[in-house]
Every structure is written in structure tokens, then in C-alpha cells.
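K.L.:
Data: input21.pdb, PDB, C-alpha atoms and all ligand atoms.
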MODEL        1
ATOM      1  CA  MET A   1      53.334 159.643 155.635
ATOM      2  CA  LEU A   2      54.107 155.927 155.637
ATOM      3  CA  ASN A   3      50.705 154.367 154.980
ATOM      4  CA  GLU A   4      50.969 150.560 154.688
ATOM      5  CA  LYS A   5      54.750 150.682 154.242
ATOM      6  CA  VAL A   6      56.551 147.684 155.754
ATOM      7  CA  ILE A   7      59.689 149.078 157.379
ATOM      8  CA  VAL A   8      62.359 147.004 159.097
ATOM      9  CA  VAL A   9      64.303 148.651 161.922
ATOM     10  CA  THR A  10      67.419 146.698 162.905
ATOM     11  CA  GLY A  11      68.246 147.259 166.551
ATOM     12  CA  GLY A  12      64.585 148.207 166.926
ATOM     13  CA  GLY A  13      64.650 147.190 170.577
ATOM     14  CA  GLY A  14      67.249 149.846 171.467
ATOM     15  CA  LEU A  15      67.214 153.499 172.486
ATOM     16  CA  LEU A  16      66.694 155.105 169.060
ATOM     17  CA  GLY A  17      65.183 152.033 167.393
ATOM     18  CA  GLY A  18      62.200 151.930 169.735
ATOM     19  CA  HIS A  19      61.371 155.583 169.050
ATOM     20  CA  PHE A  20      61.815 155.006 165.315
ATOM     21  CA  CYS A  21      59.403 152.041 165.386
ATOM     22  CA  ARG A  22      56.767 153.978 167.342
ATOM     23  CA  ALA A  23      57.044 156.885 164.875
ATOM     24  CA  ILE A  24      56.690 154.558 161.874
ATOM     25  CA  ALA A  25      53.558 152.974 163.330
ATOM     26  CA  ALA A  26      52.141 156.405 164.220
ATOM     27  CA  GLN A  27      52.478 157.374 160.555
ATOM     28  CA  GLY A  28      50.474 154.344 159.382
ATOM     29  CA  GLY A  29      53.447 152.101 158.619
ATOM     30  CA  ILE A  30      54.047 148.548 159.791
ATOM     31  CA  ALA A  31      57.122 148.617 162.038
ATOM     32  CA  ILE A  32      59.229 145.472 161.983
ATOM     33  CA  VAL A  33      61.178 145.573 165.224
ATOM     34  CA  ALA A  34      64.215 143.451 164.360
ATOM     35  CA  ASP A  35      66.722 142.835 167.125
ATOM     36  CA  VAL A  36      69.137 140.205 168.381
ATOM     37  CA  ASN A  37      67.401 140.801 171.725
ATOM     38  CA  LEU A  38      63.919 139.467 170.974
ATOM     39  CA  ASP A  39      62.576 140.394 174.439
ATOM     40  CA  ALA A  40      63.512 144.036 173.859
ATOM     41  CA  ALA A  41      61.856 143.936 170.437
ATOM     42  CA  GLN A  42      58.682 142.428 171.903
ATOM     43  CA  SER A  43      58.495 145.133 174.582
ATOM     44  CA  ILE A  44      58.571 147.809 171.874
ATOM     45  CA  VAL A  45      55.844 146.008 169.916
ATOM     46  CA  ALA A  46      53.675 145.888 173.044
ATOM     47  CA  THR A  47      53.890 149.682 173.443
ATOM     48  CA  ILE A  48      52.911 150.145 169.782
ATOM     49  CA  ASN A  49      50.014 147.699 169.871
ATOM     50  CA  THR A  50      48.488 149.361 172.919
ATOM     51  CA  ASN A  51      48.286 152.531 170.821
ATOM     52  CA  ASN A  52      46.563 150.674 167.947
ATOM     53  CA  GLY A  53      49.700 150.759 165.815
ATOM     54  CA  ARG A  54      50.937 147.868 163.729
ATOM     55  CA  ALA A  55      54.245 146.231 164.572
ATOM     56  CA  GLN A  56      55.930 142.854 164.626
ATOM     57  CA  ALA A  57      58.994 141.667 166.520
ATOM     58  CA  VAL A  58      61.540 139.465 164.752
ATOM     59  CA  ALA A  59      64.832 137.970 165.917
ATOM     60  CA  LEU A  60      67.666 139.247 163.744
ATOM     61  CA  ASP A  61      71.442 139.097 164.003
ATOM     62  CA  ILE A  62      72.878 141.575 161.498
ATOM     63  CA  THR A  63      76.209 139.734 161.510
ATOM     64  CA  ASP A  64      74.675 136.445 160.331
ATOM     65  CA  ALA A  65      73.784 136.155 156.630
ATOM     66  CA  ASP A  66      71.340 133.282 157.245
ATOM     67  CA  SER A  67      69.530 135.303 159.886
ATOM     68  CA  VAL A  68      69.163 138.317 157.550
ATOM     69  CA  GLU A  69      67.919 136.110 154.716
ATOM     70  CA  ARG A  70      65.456 134.316 157.025
ATOM     71  CA  VAL A  71      63.956 137.620 158.155
ATOM     72  CA  ILE A  72      63.550 138.871 154.582
ATOM     73  CA  ALA A  73      61.914 135.608 153.470
ATOM     74  CA  SER A  74      59.566 135.436 156.457
ATOM     75  CA  LEU A  75      58.445 139.065 156.061
ATOM     76  CA  HIS A  76      57.860 138.602 152.356
ATOM     77  CA  ALA A  77      55.756 135.519 153.137
ATOM     78  CA  VAL A  78      53.568 137.488 155.577
ATOM     79  CA  TYR A  79      53.281 140.911 153.903
ATOM     80  CA  GLY A  80      54.229 140.220 150.273
ATOM     81  CA  ARG A  81      56.451 143.295 150.371
ATOM     82  CA  ILE A  82      59.156 145.166 152.264
ATOM     83  CA  ASP A  83      59.458 148.894 151.564
ATOM     84  CA  ALA A  84      62.427 150.019 153.605
ATOM     85  CA  VAL A  85      65.113 149.007 156.060
ATOM     86  CA  ILE A  86      66.813 151.177 158.651
ATOM     87  CA  ASN A  87      70.318 149.934 159.460
ATOM     88  CA  ASN A  88      70.272 150.983 163.100
ATOM     89  CA  ALA A  89      71.635 148.122 165.241
ATOM     90  CA  TYR A  90      74.637 148.871 167.436
ATOM     91  CA  PRO A  91      76.726 145.735 167.906
ATOM     92  CA  ARG A  92      79.933 146.077 169.921
ATOM     93  CA  ASN A  93      82.138 143.634 171.813
ATOM     94  CA  ALA A  94      82.707 143.531 175.572
ATOM     95  CA  ARG A  95      85.787 145.779 175.355
ATOM     96  CA  TRP A  96      84.088 148.550 173.363
ATOM     97  CA  GLY A  97      84.704 152.116 174.503
ATOM     98  CA  LYS A  98      88.407 151.954 175.425
ATOM     99  CA  LYS A  99      90.767 154.872 174.910
ATOM    100  CA  LEU A 100      92.905 154.704 171.757
ATOM    101  CA  GLU A 101      96.020 153.506 173.684
ATOM    102  CA  GLU A 102      94.109 150.454 174.952
ATOM    103  CA  VAL A 103      92.369 149.358 171.756
ATOM    104  CA  THR A 104      93.921 146.108 170.567
ATOM    105  CA  TYR A 105      94.134 145.185 166.907
ATOM    106  CA  ALA A 106      91.764 142.276 167.580
ATOM    107  CA  ASP A 107      89.169 144.532 169.254
ATOM    108  CA  PHE A 108      89.418 147.109 166.485
ATOM    109  CA  CYS A 109      88.843 144.493 163.789
ATOM    110  CA  GLU A 110      86.052 142.763 165.709
ATOM    111  CA  ASN A 111      84.087 145.953 166.349
ATOM    112  CA  VAL A 112      84.508 147.227 162.800
ATOM    113  CA  GLY A 113      83.521 143.797 161.520
ATOM    114  CA  LEU A 114      80.392 143.555 163.671
ATOM    115  CA  HIS A 115      79.096 147.065 163.017
ATOM    116  CA  LEU A 116      80.316 148.063 159.537
ATOM    117  CA  GLY A 117      80.249 144.465 158.323
ATOM    118  CA  GLY A 118      76.740 143.977 159.688
ATOM    119  CA  TYR A 119      75.509 147.174 158.016
ATOM    120  CA  PHE A 120      77.023 146.003 154.726
ATOM    121  CA  LEU A 121      75.334 142.610 155.073
ATOM    122  CA  VAL A 122      71.897 144.075 155.794
ATOM    123  CA  ALA A 123      72.211 146.638 152.990
ATOM    124  CA  GLN A 124      73.402 143.962 150.549
ATOM    125  CA  LYS A 125      70.663 141.418 151.301
ATOM    126  CA  PHE A 126      67.858 143.992 151.361
ATOM    127  CA  ALA A 127      69.099 145.727 148.200
ATOM    128  CA  LEU A 128      69.068 142.412 146.353
ATOM    129  CA  TYR A 129      65.549 141.736 147.629
ATOM    130  CA  PHE A 130      64.462 145.264 146.626
ATOM    131  CA  ARG A 131      65.972 144.874 143.148
ATOM    132  CA  ALA A 132      64.037 141.639 142.638
ATOM    133  CA  HIS A 133      60.770 143.262 143.828
ATOM    134  CA  GLY A 134      60.635 146.634 142.118
ATOM    135  CA  GLY A 135      62.587 148.864 144.491
ATOM    136  CA  GLY A 136      63.073 149.952 148.084
ATOM    137  CA  ASN A 137      64.639 152.376 150.500
ATOM    138  CA  ILE A 138      67.693 151.971 152.757
ATOM    139  CA  VAL A 139      68.521 154.368 155.602
ATOM    140  CA  ASN A 140      71.878 153.840 157.315
ATOM    141  CA  MET A 141      72.407 155.290 160.770
ATOM    142  CA  ALA A 142      75.719 157.136 160.755
ATOM    143  CA  SER A 143      76.800 159.860 163.196
ATOM    144  CA  ILE A 144      78.272 163.329 163.419
ATOM    145  CA  TYR A 145      81.521 161.502 164.169
ATOM    146  CA  GLY A 146      81.474 160.060 160.664
ATOM    147  CA  THR A 147      82.397 163.500 159.334
ATOM    148  CA  GLN A 148      83.445 165.622 162.346
ATOM    149  CA  ALA A 149      86.805 165.245 164.128
ATOM    150  CA  PRO A 150      86.218 164.152 167.729
ATOM    151  CA  ARG A 151      85.931 166.937 170.292
ATOM    152  CA  PHE A 152      87.935 165.156 173.000
ATOM    153  CA  ASP A 153      87.673 168.110 175.378
ATOM    154  CA  ILE A 154      84.034 167.305 176.149
ATOM    155  CA  TYR A 155      84.967 163.815 177.384
ATOM    156  CA  ALA A 156      87.711 164.996 179.795
ATOM    157  CA  ASP A 157      87.166 163.728 183.383
ATOM    158  CA  THR A 158      83.994 161.828 182.458
ATOM    159  CA  GLY A 159      85.379 158.311 182.033
ATOM    160  CA  MET A 160      83.847 158.392 178.554
ATOM    161  CA  THR A 161      85.577 158.675 175.207
ATOM    162  CA  MET A 162      84.738 158.756 171.524
ATOM    163  CA  PRO A 163      85.990 155.343 170.378
ATOM    164  CA  VAL A 164      88.407 155.312 167.457
ATOM    165  CA  GLU A 165      86.490 152.393 165.913
ATOM    166  CA  TYR A 166      83.330 154.514 165.920
ATOM    167  CA  ALA A 167      84.964 157.212 163.771
ATOM    168  CA  ALA A 168      86.174 154.601 161.286
ATOM    169  CA  ILE A 169      82.838 152.754 161.227
ATOM    170  CA  LYS A 170      80.603 155.792 160.796
ATOM    171  CA  ALA A 171      82.810 157.465 158.165
ATOM    172  CA  ALA A 172      82.765 154.191 156.245
ATOM    173  CA  ILE A 173      78.983 153.888 156.571
ATOM    174  CA  ILE A 174      78.578 157.309 154.940
ATOM    175  CA  GLN A 175      80.734 156.190 152.007
ATOM    176  CA  LEU A 176      79.027 152.774 151.905
ATOM    177  CA  THR A 177      75.768 154.682 151.559
ATOM    178  CA  LYS A 178      77.060 156.492 148.459
ATOM    179  CA  TYR A 179      78.339 153.228 147.006
ATOM    180  CA  PHE A 180      74.953 151.530 147.377
ATOM    181  CA  ALA A 181      73.122 154.614 146.065
ATOM    182  CA  GLN A 182      75.287 154.663 142.954
ATOM    183  CA  TYR A 183      75.218 150.906 142.416
ATOM    184  CA  PHE A 184      71.436 150.574 142.628
ATOM    185  CA  LYS A 185      70.235 153.982 141.444
ATOM    186  CA  THR A 186      68.607 152.649 138.281
ATOM    187  CA  ASP A 187      66.824 149.885 140.241
ATOM    188  CA  ASN A 188      64.412 152.224 142.051
ATOM    189  CA  ILE A 189      66.458 151.751 145.211
ATOM    190  CA  ARG A 190      67.753 154.678 147.178
ATOM    191  CA  CYS A 191      70.142 154.771 150.078
ATOM    192  CA  ASN A 192      70.784 157.700 152.413
ATOM    193  CA  SER A 193      72.403 158.069 155.812
ATOM    194  CA  LEU A 194      71.211 159.917 158.888
ATOM    195  CA  SER A 195      73.779 161.425 161.255
ATOM    196  CA  PRO A 196      72.421 162.514 164.631
ATOM    197  CA  GLY A 197      74.370 164.381 167.239
ATOM    198  CA  GLY A 198      74.639 162.852 170.709
ATOM    199  CA  VAL A 199      71.418 161.583 172.276
ATOM    200  CA  LEU A 200      70.557 162.017 175.958
ATOM    201  CA  ASN A 201      71.049 158.804 177.897
ATOM    202  CA  HIS A 202      72.023 159.578 181.499
ATOM    203  CA  GLN A 203      75.414 161.113 180.598
ATOM    204  CA  PRO A 204      77.237 163.056 183.360
ATOM    205  CA  GLU A 205      76.242 166.721 183.834
ATOM    206  CA  THR A 206      79.770 167.993 183.141
ATOM    207  CA  PHE A 207      79.698 166.276 179.762
ATOM    208  CA  LEU A 208      76.235 167.633 178.899
ATOM    209  CA  LYS A 209      77.332 171.163 179.746
ATOM    210  CA  LYS A 210      80.516 171.001 177.672
ATOM    211  CA  TYR A 211      78.646 169.374 174.792
ATOM    212  CA  SER A 212      75.912 172.007 174.766
ATOM    213  CA  ASP A 213      78.495 174.808 174.616
ATOM    214  CA  TYR A 214      79.082 173.707 170.991
ATOM    215  CA  CYS A 215      75.356 173.743 170.161
ATOM    216  CA  GLY A 216      72.527 176.168 169.574
ATOM    217  CA  SER A 217      69.524 175.937 171.881
ATOM    218  CA  LYS A 218      69.255 172.228 172.671
ATOM    219  CA  GLY A 219      72.598 170.502 173.139
ATOM    220  CA  MET A 220      72.256 166.719 173.389
ATOM    221  CA  LEU A 221      69.137 165.540 171.585
ATOM    222  CA  GLU A 222      66.131 163.512 172.679
ATOM    223  CA  PRO A 223      65.429 160.533 170.387
ATOM    224  CA  ASP A 224      62.281 162.296 169.157
ATOM    225  CA  ASP A 225      64.370 165.222 167.848
ATOM    226  CA  ILE A 226      65.596 162.923 165.061
ATOM    227  CA  ILE A 227      62.191 161.591 164.021
ATOM    228  CA  GLY A 228      61.361 164.358 161.524
ATOM    229  CA  ALA A 229      64.514 163.687 159.515
ATOM    230  CA  LEU A 230      63.963 159.935 159.629
ATOM    231  CA  LEU A 231      60.345 160.166 158.446
ATOM    232  CA  PHE A 232      61.459 162.498 155.659
ATOM    233  CA  LEU A 233      64.046 159.963 154.452
ATOM    234  CA  LEU A 234      61.512 157.119 154.643
ATOM    235  CA  SER A 235      58.717 159.006 152.916
ATOM    236  CA  ASP A 236      58.067 159.937 149.317
ATOM    237  CA  SER A 237      58.893 163.561 150.229
ATOM    238  CA  SER A 238      62.544 162.596 149.757
ATOM    239  CA  ARG A 239      61.862 160.478 146.659
ATOM    240  CA  TYR A 240      64.686 162.020 144.623
ATOM    241  CA  MET A 241      67.203 162.222 147.427
ATOM    242  CA  ASN A 242      69.867 159.563 147.065
ATOM    243  CA  GLY A 243      73.349 158.943 148.482
ATOM    244  CA  GLN A 244      73.086 161.862 150.929
ATOM    245  CA  ASN A 245      73.999 162.226 154.592
ATOM    246  CA  LEU A 246      71.507 164.186 156.673
ATOM    247  CA  ILE A 247      72.982 165.739 159.845
ATOM    248  CA  VAL A 248      70.725 166.636 162.799
ATOM    249  CA  ASP A 249      72.928 168.032 165.579
ATOM    250  CA  ASP A 250      71.723 171.440 166.824
ATOM    251  CA  GLY A 251      74.809 172.948 165.219
ATOM    252  CA  PHE A 252      77.407 170.825 167.068
ATOM    253  CA  CYS A 253      79.482 170.309 163.909
ATOM    254  CA  LEU A 254      79.456 173.954 162.821
TER     255      LEU A 254
HETATM  256  N1  LIG B 301      72.628 157.149 170.912
HETATM  257  C1  LIG B 301      73.327 158.107 170.302
HETATM  258  O1  LIG B 301      73.766 159.091 170.906
HETATM  259  C2  LIG B 301      73.589 158.013 168.820
HETATM  260  C3  LIG B 301      74.062 159.147 168.154
HETATM  261  C4  LIG B 301      74.334 159.058 166.786
HETATM  262  C5  LIG B 301      74.137 157.865 166.135
HETATM  263  N2  LIG B 301      73.684 156.770 166.817
HETATM  264  C6  LIG B 301      73.511 155.531 166.086
HETATM  265  O2  LIG B 301      72.166 155.123 166.141
HETATM  266  C7  LIG B 301      72.098 153.699 166.102
HETATM  267  C8  LIG B 301      71.306 153.187 167.301
HETATM  268  O3  LIG B 301      71.968 153.614 168.477
HETATM  269  P1  LIG B 301      71.319 153.437 169.930
HETATM  270  O4  LIG B 301      71.963 154.439 170.813
HETATM  271  O5  LIG B 301      69.843 153.404 169.840
HETATM  272  O6  LIG B 301      71.869 151.984 170.347
HETATM  273  P2  LIG B 301      71.337 150.991 171.486
HETATM  274  O7  LIG B 301      72.546 150.311 172.036
HETATM  275  O8  LIG B 301      70.419 151.665 172.444
HETATM  276  O9  LIG B 301      70.479 149.933 170.671
HETATM  277  C9  LIG B 301      71.080 149.097 169.746
HETATM  278  C10 LIG B 301      70.226 147.868 169.527
HETATM  279  O10 LIG B 301      70.943 147.029 168.592
HETATM  280  C11 LIG B 301      70.757 145.692 169.006
HETATM  281  N3  LIG B 301      71.831 144.866 168.451
HETATM  282  C12 LIG B 301      73.118 144.764 168.861
HETATM  283  N4  LIG B 301      73.775 143.886 168.106
HETATM  284  C13 LIG B 301      72.909 143.428 167.176
HETATM  285  C14 LIG B 301      72.992 142.496 166.109
HETATM  286  N5  LIG B 301      74.139 141.827 165.852
HETATM  287  N6  LIG B 301      71.904 142.269 165.338
HETATM  288  C15 LIG B 301      70.735 142.919 165.604
HETATM  289  N7  LIG B 301      70.580 143.793 166.622
HETATM  290  C16 LIG B 301      71.660 144.044 167.393
HETATM  291  C17 LIG B 301      70.773 145.735 170.541
HETATM  292  O11 LIG B 301      70.155 144.574 171.091
HETATM  293  C18 LIG B 301      70.008 147.027 170.811
HETATM  294  O12 LIG B 301      68.620 146.775 170.977
HETATM  295  C19 LIG B 301      73.549 153.214 166.037
HETATM  296  O13 LIG B 301      73.928 153.069 164.692
HETATM  297  C20 LIG B 301      74.305 154.362 166.633
HETATM  298  O14 LIG B 301      75.643 154.405 166.228
HETATM  299  C21 LIG B 301      73.400 156.814 168.144
ENDMDL
END
Show me, as C-alpha cells, the structure contained in the file I just sent.

P.N.:
Amino acid sequence: MLNEKVIVVTGGGGLLGGHFCRAIAAQGGIAIVADVNLDAAQSIVATINTNNGRAQAVALDITDADSVERVIASLHAVYGRIDAVINNAYPRNARWGKKLEEVTYADFCENVGLHLGGYFLVAQKFALYFRAHGGGNIVNMASIYGTQAPRFDIYADTGMTMPVEYAAIKAAIIQLTKYFAQYFKTDNIRCNSLSPGGVLNHQPETFLKKYSDYCGSKGMLEPDDIIGALLFLLSDSSRYMNGQNLIVDDGFCL
């Protein structure tokens, strides 16, 4: 599906990013594993190379304009093209995850700045590159919590919460996606967002049970449950899809 396409995955060394990169390589693409944690990115590349896939690790900080520009220039120098970028990194400060009462103004602004600001920066720099080189494809990782009111009941007694910044960030990313789609739609650039439900990552059993009560047959997803939707958005099968938000959540939001 992605033969010879050069696809950059920000946060490619993380939970979803690693699966995304492996799926891109399995479909014949060249996965650029771009992460502020270069060791994590290199570990993902090693798993791809042992399966004869093509991948490259690059150091990238999505909150640093010079870093984003350096990555674009270095990839263009090596491959002569970049076909797509997945805005998938997940920056957060040390106080991320507090309950609403404990979120300070400074923490709110910092986390929104890192995550939403970083996604804007990556989308902006890649869109300008794409416009100068005939087109491209941007996929922004959003979330069910960009459109769905939080279901706080599932977090009760777990020590977890759904951070207020996350709702603001992901809702804004969905609208940012439409803005970019509209702004660049005559430049052969498209921009869509992908909104997964929660992904399994050693959450407490009580939480998993309450979460799955809102779902169909699966409940919390495995990273691979999102791959089909991602490949669709990256491939020419979705060529005329632009500015849309694709939700994959086993019915959690219904
Ligand atoms: N895991 C879920 O349940 C879930 C559900 C819905 C949406 N999402 C979204 O999917 C995306 C990936 O989530 P994840 O769970 O895989 O996150 P993760 O924390 O496992 O991985 C995030 C990666 O981003 C990297 N990163 C952090 N700051 C960075 C920066 N400034 N520049 C570059 N890289 C940076 C980290 O090093 C890490 O490798 C996020 O946008 C997240 O909101 C996740």
C-alpha cells in the first residue's frame, strides 16, 4: 500500500509510533522513526531491519523549529522526497496527569504549548515543504477525547484521570487539521486526523472493566487495532479524503 513512500512518524519510538513504523515498513514504505529519544527510535529501527523492512531513526524535537527544519532538510538530501508525516509525539511536562483542581495555569499553558504547539510546528514546516515539492499527506493523532466528553466514572478509584489539557489539546488538533486541509487543499496536500480510543498499556483491571462496558466486543484497543485506519489515511485509497477525523474506538463514543 505504501510502496517507496517516505513517511515520518514523530514520537516513532513510543507505544503507538513503534507499531505505526513497523506497519509502514511492512507495506513497502520507508519509516522515518523520529523521536526526541533517539535510543528508543533506534530500537524500533532494529526490529524493522531484522524483518527486512526499511527504516531510519532521526532525532527530532517537535517543539524546536530548527530541529524540525533540520530533519526535513536531511531527509530530502537522502531520499529526495518526503511523502507523509504522522504527528504522533506525546510531549508532556513532569506534572502532567493531575486532577483539574491541581492543574496550575503554568502547567496548563506548558502542556498545551508542547503538544498542540509542537503539532502546529510540525504540520506547518512539513506543509511548506510539501507545497514546494508537489504535495504531501499529514495525519494528526487526535483522540476520542477531542470530541467526546470525558467519562470520569471509569477513572474512579484508579489514581488515573483524563487530563483537562488533553481535552483542549485534542479538540484543537481536530480543528487544526481542518484549518490545514482548507489552507492547503489546492496544493495537493491533505490533512486528516485519527482518533483512537484508549490503548492497552498495563492499566488497572477495574479501569479496563469499566471502560469495556461502554464498548462493543473489544474494549481498550491493542496498537495494531488502529493500523488499518492509519494505512488507509496514508494510502491512495483515501486520496480524496481531506480535513476529516477518523474515530476507531469499538463504539466507546456511541
Ligand atoms: N495510548 C493511547 O491510549 C492513545 C489513545 C488515543 C490517542 N493517542 C495519541 O497517540 C499519540 C501517541 O501516543 P502514545 O501512547 O504512543 O505515546 P508514548 O508516550 O508511548 O510515545 C510518545 C513518544 O513521543 C516522544 N516525544 C515526546 N516528546 C517529544 C518531542 N518534543 N519531540 C519528539 N518526540 C517526542 C517520546 O519520546 C515517545 O517516544 C499521542 O498523540 C497520543 O495522544 C494515544

K.L.:
Grab me every residue within 6 Å of ligand LIG 301 (chain B), counting all atoms listed in the file, and send it over as JSON, numbers by chain.

P.N.:
{"A": [10, 11, 12, 13, 14, 15, 16, 17, 35, 36, 37, 60, 61, 62, 63, 88, 89, 90, 91, 141, 142, 143, 196, 197, 198, 199]}

K.L.:
Please provide the set of residues having any atom within 12 Å of A:Ile144, restricted to all atoms listed in the file, with same-chain residues fewer than 3 positions apart removed, written as a PyMOL selection string.

P.N.:
chain A and resi 141+147-151+162+166-171+173-174+193-199+245-254

K.L.:
Expanded to explicit residues, what is the PyMOL selection byres (((chain A and resi 229-243) around 7) and not hetatm) for this file, as a ChimeraX atom specification?

P.N.:
/A:1-2,177-178,181,190-192,226-228,244-245

K.L.:
For A:Arg131, find every residue with an atom within 7 Å (counting all atoms listed in the file), except residues of its own chain fewer than 4 positions away, and show them as a ChimeraX atom specification.

P.N.:
/A:127,135,187

K.L.:
One decimal, in Å: what's the spacing between atom CA of A:His133 and atom CA of A:Val71?

P.N.:
15.7 Å

K.L.:
Rounded to one decimal in Å, what is the spacing between atom CA of A:Val85 and atom CA of A:Val8?

P.N.:
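Atom CA of A:Val85 sits 4.6 Å away from atom CA of A:Val8.
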
K.L.:
One decimal, in Å: what's the spacing between atom CA of A:Asp157 and atom CA of A:Asp213?

P.N.:
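Atom CA of A:Asp157 sits 16.6 Å away from atom CA of A:Asp213.
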
K.L.:
Taking into account only C-alpha atoms, which residue in the set A:Cys215, A:Ala94, A:Ala106, A:Val78 is nearest to A:Gln56?

P.N.:
A:Val78

K.L.:
Taking (84.6, 156.7, 177.2) in the coordinates of the supplied file, I want to know which residues reach to within 7 Å of it, counting all atoms listed in the file; could you give the answer as a list in words?

P.N.:
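Nearby residues: Gly97, Lys98, Lys99, Gly159, Met160, Thr161 and Met162 of chain A.
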
K.L.:
Which residue gives the smallest distance to A:Gln124 among A:Leu100, A:Ile138, A:Val6, A:Leu75, with all atoms listed in the file counted?

P.N.:
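Using all atoms listed in the file, A:Gln124 sits closest to A:Ile138.
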
K.L.:
The PyMOL selection byres (((chain A and resi 22) around 10) and not hetatm) - which residues does that actually catch in the file I just gave you? List them as a PyMOL selection string.

P.N.:
chain A and resi 12+17-21+23-27+29-31+33+44-45+47-49+51+53-55+227

K.L.:
Taking only C-alpha atoms into account, which of A:His115, A:Lys209, A:Arg95, A:Lys185 comes nearest A:Ala172?

P.N.:
A:His115

K.L.:
Got a minute to add N, CA, C and O atoms to stretch 128-141 of chain A and dump it as an mmCIF file, in the coordinates of the input?

P.N.:
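So rebuild.cif came out as:
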data_model
loop_
_atom_site.group_PDB
_atom_site.id
_atom_site.type_symbol
_atom_site.label_atom_id
_atom_site.label_comp_id
_atom_site.auth_asym_id
_atom_site.auth_seq_id
_atom_site.Cartn_x
_atom_site.Cartn_y
_atom_site.Cartn_z
ATOM 1 N N LEU A 128 69.326 143.472 147.346
ATOM 2 C CA LEU A 128 69.068 142.412 146.353
ATOM 3 C C LEU A 128 67.594 142.022 146.366
ATOM 4 O O LEU A 128 66.987 141.778 145.310
ATOM 5 N N TYR A 129 66.998 141.984 147.553
ATOM 6 C CA TYR A 129 65.549 141.736 147.629
ATOM 7 C C TYR A 129 64.796 142.864 146.921
ATOM 8 O O TYR A 129 63.885 142.619 146.112
ATOM 9 N N PHE A 130 65.159 144.110 147.227
ATOM 10 C CA PHE A 130 64.462 145.264 146.626
ATOM 11 C C PHE A 130 64.582 145.219 145.093
ATOM 12 O O PHE A 130 63.620 145.495 144.384
ATOM 13 N N ARG A 131 65.776 144.901 144.602
ATOM 14 C CA ARG A 131 65.972 144.874 143.148
ATOM 15 C C ARG A 131 65.063 143.824 142.496
ATOM 16 O O ARG A 131 64.522 144.044 141.413
ATOM 17 N N ALA A 132 64.877 142.712 143.190
ATOM 18 C CA ALA A 132 64.037 141.639 142.638
ATOM 19 C C ALA A 132 62.543 141.955 142.765
ATOM 20 O O ALA A 132 61.718 141.270 142.154
ATOM 21 N N HIS A 133 62.192 142.981 143.575
ATOM 22 C CA HIS A 133 60.770 143.262 143.828
ATOM 23 C C HIS A 133 60.389 144.702 143.519
ATOM 24 O O HIS A 133 59.472 145.249 144.131
ATOM 25 N N GLY A 134 61.094 145.336 142.619
ATOM 26 C CA GLY A 134 60.635 146.634 142.118
ATOM 27 C C GLY A 134 61.176 147.863 142.810
ATOM 28 O O GLY A 134 60.856 148.979 142.412
ATOM 29 N N GLY A 135 61.966 147.691 143.878
ATOM 30 C CA GLY A 135 62.587 148.864 144.491
ATOM 31 C C GLY A 135 62.488 148.854 146.003
ATOM 32 O O GLY A 135 61.876 147.954 146.599
ATOM 33 N N GLY A 136 63.091 149.867 146.622
ATOM 34 C CA GLY A 136 63.073 149.952 148.084
ATOM 35 C C GLY A 136 63.942 151.103 148.567
ATOM 36 O O GLY A 136 64.518 151.849 147.777
ATOM 37 N N ASN A 137 64.007 151.215 149.878
ATOM 38 C CA ASN A 137 64.639 152.376 150.500
ATOM 39 C C ASN A 137 65.513 151.904 151.667
ATOM 40 O O ASN A 137 65.046 151.159 152.529
ATOM 41 N N ILE A 138 66.760 152.340 151.676
ATOM 42 C CA ILE A 138 67.693 151.971 152.757
ATOM 43 C C ILE A 138 68.126 153.248 153.477
ATOM 44 O O ILE A 138 68.548 154.217 152.826
ATOM 45 N N VAL A 139 68.000 153.256 154.801
ATOM 46 C CA VAL A 139 68.521 154.368 155.602
ATOM 47 C C VAL A 139 69.572 153.792 156.551
ATOM 48 O O VAL A 139 69.279 152.886 157.337
ATOM 49 N N ASN A 140 70.788 154.289 156.444
ATOM 50 C CA ASN A 140 71.878 153.840 157.315
ATOM 51 C C ASN A 140 72.095 154.853 158.432
ATOM 52 O O ASN A 140 72.286 156.049 158.158
ATOM 53 N N MET A 141 72.114 154.382 159.667
ATOM 54 C CA MET A 141 72.407 155.290 160.770
ATOM 55 C C MET A 141 73.917 155.513 160.844
ATOM 56 O O MET A 141 74.694 154.587 161.077
#
